[in-house]
Amino acid sequence: MIILLGMMVICFGSIIYLFVSRVVVPLNAIEQAAKEISRGNLAVTFPRNPSGEIGALGEVMNDLAANLQEILLLTGTSAGNSLSEVETIEQVLTEGDAPCVQEIQERIRSIRKDLEMLSSLATDFEFYQTSFDGRKVVPKAPGDKT
């Protein structure tokens, strides 16, 4: 009877150990990585667990973080390019005497305000190995922590 009880304790202990090591630990790692991403750190990758649904969840979350990085890159680069174009138009307009110049300049100011907001969004979310220099998203130098 004691041997049977000992075998049951060992079996249940093994089951609990396997559950914790294969389910709980990877889920905790995914939870921590998701918290980092929610704080804006898109360089975090989810642990790769090759088998099962937990591994699939990690892969999907890695793809999500990569897609967010691409969206922010596109937003920052587009805002920078648009700001350059607005400045060019403003320069051309200041040299001209067209009667509707004031109305066009007012619209350009409105566009500039929106683009500056997008630029600040891209700056606030500096991530991975890139930064926003005010015009475009550029790679950070190796070892650059800023």
# chains A, B, ... in the order shown; residues from 1 in each chain; ligands from 1
>>> residues_around(residues="A:Gln32", least_positions_apart="2", cutoff="12 Å", atoms="only C-alpha atoms", output="list in words")
Val25, Pro26, Leu27, Asn28, Ala29, Ile30, Ala34, Lys35, Glu36, Ile37, Ser38, Arg39, Asn41, Val44, Thr45, Phe46, Pro47 and Gly58 of chain A
>>> write_last_selection(atoms="C-alpha atoms", output="short mmCIF file (atom, residue, chain, number, x, y, z; two decimals), in the first residue's frame")
data_model
loop_
_atom_site.label_atom_id
_atom_site.label_comp_id
_atom_site.auth_asym_id
_atom_site.auth_seq_id
_atom_site.Cartn_x
_atom_site.Cartn_y
_atom_site.Cartn_z
CA VAL A 25 6.05 28.91 -17.55
CA PRO A 26 5.57 29.65 -21.30
CA LEU A 27 2.29 31.47 -20.59
CA ASN A 28 4.03 33.62 -17.96
CA ALA A 29 6.78 34.46 -20.47
CA ILE A 30 4.16 35.41 -23.07
CA ALA A 34 2.87 41.24 -23.97
CA LYS A 35 3.19 43.72 -21.08
CA GLU A 36 6.44 45.04 -22.56
CA ILE A 37 4.80 45.49 -25.96
CA SER A 38 1.86 47.30 -24.36
CA ARG A 39 4.43 49.71 -22.86
CA ASN A 41 8.75 48.12 -26.41
CA VAL A 44 10.47 42.19 -27.37
CA THR A 45 9.96 38.80 -28.90
CA PHE A 46 7.81 36.05 -27.54
CA PRO A 47 9.45 32.82 -26.52
CA GLY A 58 3.90 33.17 -29.49
#
>>> residues_around(residues="A:Arg22", least_positions_apart="2", cutoff="12 Å", atoms="only C-alpha atoms", output="list in words")
Ser14, Ile15, Ile16, Tyr17, Leu18, Phe19, Val20, Val24, Val25, Pro26, Leu27, Asn28, Ala29, Asn49, Pro50, Ser51, Gly52, Glu53, Ile54 and Gly55 of chain A
>>> residues_around(residues="A:Gln105", least_positions_apart="5", cutoff="9 Å", atoms="only C-alpha atoms", output="number ranges by chain")
A: 89-90, 93-94, 100, 110
>>> closest_residue(among="A:Leu73, A:Ala43, A:Val86, A:Ile3", to="A:Asp114", atoms="only C-alpha atoms")
A:Val86
